[in-house]
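As C-alpha cells, the structure follows; a few thoughts come after it.
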Amino acid sequence: SQIVKNAKRLDERLYELGYDVLCQDLGFTESHQVAVDVSKWGGGDKVPRMLEEVGIILNKNLLPWDDVKKADNPSGIRIGVQEVTRLGMKEEEMDTIAELMDITIKEKKSKDEIRKMVKEFKSQFVTVKYTFEECPAYDLPELC
C-alpha cells in the first residue's frame, strides 16, 4: 500500500509543478508507476537522459496517443517507485524527488549542483526495508 501512496503523491507533486501527468482527472495512479507527458521539454528520450546525468533513473515510454513509430522519442516517461519505497521513502520523499526532477528538467540549477543534491538525498536511504529482515542495500538478499 505504501508503494501506491508514494506513486500517487509523486503524481500529485509533479502535477502541482506543472507537468502533464496521466490520469489526474481520475485521482492519479492506482499502481506502482507514474506516467508523464514530457513533450514540452524535449520528449521521452531527452528527459530521462537529463535525469540520469544527475542520478535519477527512469525510462522513456510511449503514451496512449503516441504513434508506435515514435518509440525512439515518445512523449512520455515512466517512473516506478517500488525500489525507493523498499529503501524506506514515503510521501515526503516523493515531493523531494519531484522537485529534484523539476529543477533538472527546467534547468534551474547546474547539473553538478543537482547531482550533489541527489547524492546527499539518496545517502539517507541505504537500508532495504519491507523485506523479511532489514539489510544494507548493497548486500545480496541471500546474505541478509
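Identifiers for the C-alpha cells are assigned positionally: chains receive A, B, ... in sequence, residues are indexed from 1 per chain, and ligands are indexed from 1 in the order shown.
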Using only C-alpha atoms, find each residue of region 51-133 of chain A with at least one atom at most 7 Å away from an atom of region 31-44 of chain A; report its shortest atom-to-atom pair and that distance in Å (one decimal), sort the rows by chain and rising residue number, and return the result as CSV.
```
residue,atom,partner,partner_atom,distance
A:Lys60,CA,A:Gly44,CA,4.5
A:Asn61,CA,A:Gly44,CA,6.4
A:Asn73,CA,A:Gly44,CA,5.3
A:Pro74,CA,A:Gly44,CA,5.0
A:Ser75,CA,A:Ser39,CA,4.9
A:Gly76,CA,A:Asp37,CA,4.3
A:Ile77,CA,A:Gly44,CA,5.3
A:Arg78,CA,A:Ala35,CA,4.6
A:Ile79,CA,A:Val34,CA,5.0
A:Gly80,CA,A:Gln33,CA,4.4
A:Val81,CA,A:His32,CA,5.9
A:Gln82,CA,A:His32,CA,6.2
```
What would the file look like if the residues just selected were written as a CSV table (one decimal), in the first residue's frame with all heavy atoms?
```csv
chain,number,residue,atom,x,y,z
A,60,LYS,N,12.0,6.2,-20.8
A,60,LYS,CA,11.0,6.7,-21.8
A,60,LYS,C,9.9,5.8,-22.0
A,60,LYS,O,10.1,4.6,-21.7
A,60,LYS,CB,11.7,7.0,-23.1
A,60,LYS,CG,12.3,5.8,-23.8
A,60,LYS,CD,13.1,6.3,-25.1
A,60,LYS,CE,13.9,5.2,-25.7
A,60,LYS,NZ,14.6,5.6,-26.8
A,61,ASN,N,8.8,6.3,-22.4
A,61,ASN,CA,7.6,5.4,-22.5
A,61,ASN,C,6.6,6.0,-23.5
A,61,ASN,O,6.3,7.2,-23.5
A,61,ASN,CB,6.9,5.3,-21.1
A,61,ASN,CG,6.1,4.1,-21.0
A,61,ASN,OD1,6.7,3.0,-20.9
A,61,ASN,ND2,4.8,4.2,-21.0
A,73,ASN,N,11.6,8.4,-29.5
A,73,ASN,CA,11.4,9.6,-28.7
A,73,ASN,C,10.0,9.8,-28.5
A,73,ASN,O,9.3,10.7,-29.0
A,73,ASN,CB,12.0,10.8,-29.4
A,73,ASN,CG,12.0,12.0,-28.5
A,73,ASN,OD1,12.0,11.9,-27.3
A,73,ASN,ND2,12.0,13.2,-29.0
A,74,PRO,N,9.4,9.0,-27.6
A,74,PRO,CA,8.0,9.1,-27.3
A,74,PRO,C,7.7,10.3,-26.5
A,74,PRO,O,8.6,11.0,-26.0
A,74,PRO,CB,7.7,7.8,-26.5
A,74,PRO,CG,9.0,7.5,-25.8
A,74,PRO,CD,10.1,7.9,-26.8
A,75,SER,N,6.4,10.6,-26.3
A,75,SER,CA,6.0,11.8,-25.5
A,75,SER,C,6.3,11.6,-24.0
A,75,SER,O,6.4,12.6,-23.3
A,75,SER,CB,4.5,12.0,-25.7
A,75,SER,OG,4.2,12.3,-27.0
A,76,GLY,N,6.3,10.4,-23.5
A,76,GLY,CA,6.3,10.2,-22.1
A,76,GLY,C,7.5,9.6,-21.5
A,76,GLY,O,8.4,9.1,-22.1
A,77,ILE,N,7.4,9.6,-20.1
A,77,ILE,CA,8.4,8.9,-19.2
A,77,ILE,C,7.5,8.1,-18.3
A,77,ILE,O,6.4,8.4,-18.0
A,77,ILE,CB,9.3,9.9,-18.4
A,77,ILE,CG1,8.5,10.9,-17.6
A,77,ILE,CG2,10.3,10.5,-19.4
A,77,ILE,CD1,9.3,11.7,-16.7
A,78,ARG,N,8.2,7.0,-17.8
A,78,ARG,CA,7.5,6.2,-16.8
A,78,ARG,C,8.4,6.1,-15.6
A,78,ARG,O,9.6,5.9,-15.7
A,78,ARG,CB,7.3,4.8,-17.3
A,78,ARG,CG,6.5,3.9,-16.3
A,78,ARG,CD,6.6,2.4,-16.7
A,78,ARG,NE,7.9,1.9,-16.6
A,78,ARG,CZ,8.5,1.5,-15.5
A,78,ARG,NH1,7.9,1.6,-14.4
A,78,ARG,NH2,9.7,1.0,-15.6
A,79,ILE,N,7.8,6.3,-14.4
A,79,ILE,CA,8.6,6.4,-13.2
A,79,ILE,C,8.0,5.3,-12.3
A,79,ILE,O,6.8,5.3,-12.0
A,79,ILE,CB,8.5,7.7,-12.4
A,79,ILE,CG1,8.8,8.9,-13.4
A,79,ILE,CG2,9.4,7.8,-11.2
A,79,ILE,CD1,8.2,10.2,-13.0
A,80,GLY,N,8.9,4.3,-11.8
A,80,GLY,CA,8.4,3.3,-10.9
A,80,GLY,C,9.0,3.7,-9.5
A,80,GLY,O,10.1,4.2,-9.4
A,81,VAL,N,8.1,3.5,-8.5
A,81,VAL,CA,8.5,3.9,-7.1
A,81,VAL,C,8.8,2.7,-6.2
A,81,VAL,O,9.1,3.0,-5.0
A,81,VAL,CB,7.5,4.9,-6.5
A,81,VAL,CG1,7.3,6.1,-7.3
A,81,VAL,CG2,6.2,4.2,-6.3
A,82,GLN,N,8.7,1.5,-6.7
A,82,GLN,CA,8.8,0.4,-5.8
A,82,GLN,C,10.2,0.3,-5.1
A,82,GLN,O,10.3,0.0,-3.9
A,82,GLN,CB,8.4,-0.9,-6.5
A,82,GLN,CG,9.2,-1.3,-7.7
A,82,GLN,CD,8.6,-0.7,-9.0
A,82,GLN,OE1,8.2,0.5,-9.0
A,82,GLN,NE2,8.6,-1.5,-10.1
```
Just want the 9 Å neighbourhood of Lys5 (chain A), counted on only C-alpha atoms, with same-chain residues fewer than 2 positions away dropped. Output as a list in words.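 Once the nearby chain positions are removed, what remains is Ser1, Gln2, Ile3, Ala7, Lys8, Arg9, Leu10, Glu30, Ser31, His32, Lys90 and Glu91 of chain A.
Within region 73-119 of chain A, DSSP run on the backbone puts these residues in strand (DSSP E): Gly76, Ile77, Arg78, Ile79 and Gly80 of chain A.
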How would you write, as a ChimeraX atom specification, the set of residues in region 5-143 of chain A that DSSP gives as helix (DSSP H, G or I)? /A:5-16,24-26,39-41,46-53,68-70,82-86,91-105,111-122,141-143
Check which residues of region 29-67 of chain A sit at most 9 Å from region 103-118 of chain A using only C-alpha atoms, and return one row each with the closest pair of atoms and their distance in Å to one decimal, ordered by chain and rising number, as a tab-separated table.
```
residue	atom	partner	partner_atom	distance
A:Trp41	CA	A:Ile105	CA	7.0
A:Val47	CA	A:Ile105	CA	6.6
A:Met50	CA	A:Ile105	CA	6.9
A:Leu51	CA	A:Thr104	CA	6.6
A:Glu53	CA	A:Lys111	CA	7.3
A:Val54	CA	A:Arg115	CA	4.2
A:Gly55	CA	A:Arg115	CA	6.3
A:Ile56	CA	A:Val118	CA	7.7
```
Create the file for the chosen residues now, containing C-alpha atoms and written as a PDB file, in the first residue's frame.
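Okay, this is what ended up in result18.pdb:
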```
ATOM      1  CA  TRP A  41      10.687  19.528 -22.509  1.00  0.00           C
ATOM      2  CA  VAL A  47      14.288  13.905 -20.334  1.00  0.00           C
ATOM      3  CA  MET A  50      18.971  14.645 -18.427  1.00  0.00           C
ATOM      4  CA  LEU A  51      17.775  12.981 -15.237  1.00  0.00           C
ATOM      5  CA  GLU A  53      23.091  12.700 -15.585  1.00  0.00           C
ATOM      6  CA  VAL A  54      22.120  13.798 -12.061  1.00  0.00           C
ATOM      7  CA  GLY A  55      21.451  10.309 -10.694  1.00  0.00           C
ATOM      8  CA  ILE A  56      17.712   9.904 -11.245  1.00  0.00           C
TER       9      ILE A  56
END
```
Just give me the gap between CA of Leu87 (chain A) and CA of Lys129 (chain A) in Å, one decimal is fine.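 CA of Leu87 (chain A) sits 5.4 Å away from CA of Lys129 (chain A).
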Give me, please, the distance in Å between CA of Gln124 (chain A) and CA of Glu16 (chain A), quoted to one decimal.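 Straight-line distance from CA of Gln124 (chain A) to CA of Glu16 (chain A) works out to 25.3 Å.
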Would you work out the distance separating CA of Leu22 (chain A) from CA of Lys69 (chain A), expressed in Å to one decimal?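 Spanning CA of Leu22 (chain A) to CA of Lys69 (chain A) is a straight-line distance of 20.8 Å.
Minimum atom-to-atom distances from A:Asn6, A:Asp66, A:Asp72, A:Pro48 to Thr96 (chain A) were compared using only C-alpha atoms, and the lowest value belongs to A:Asn6.
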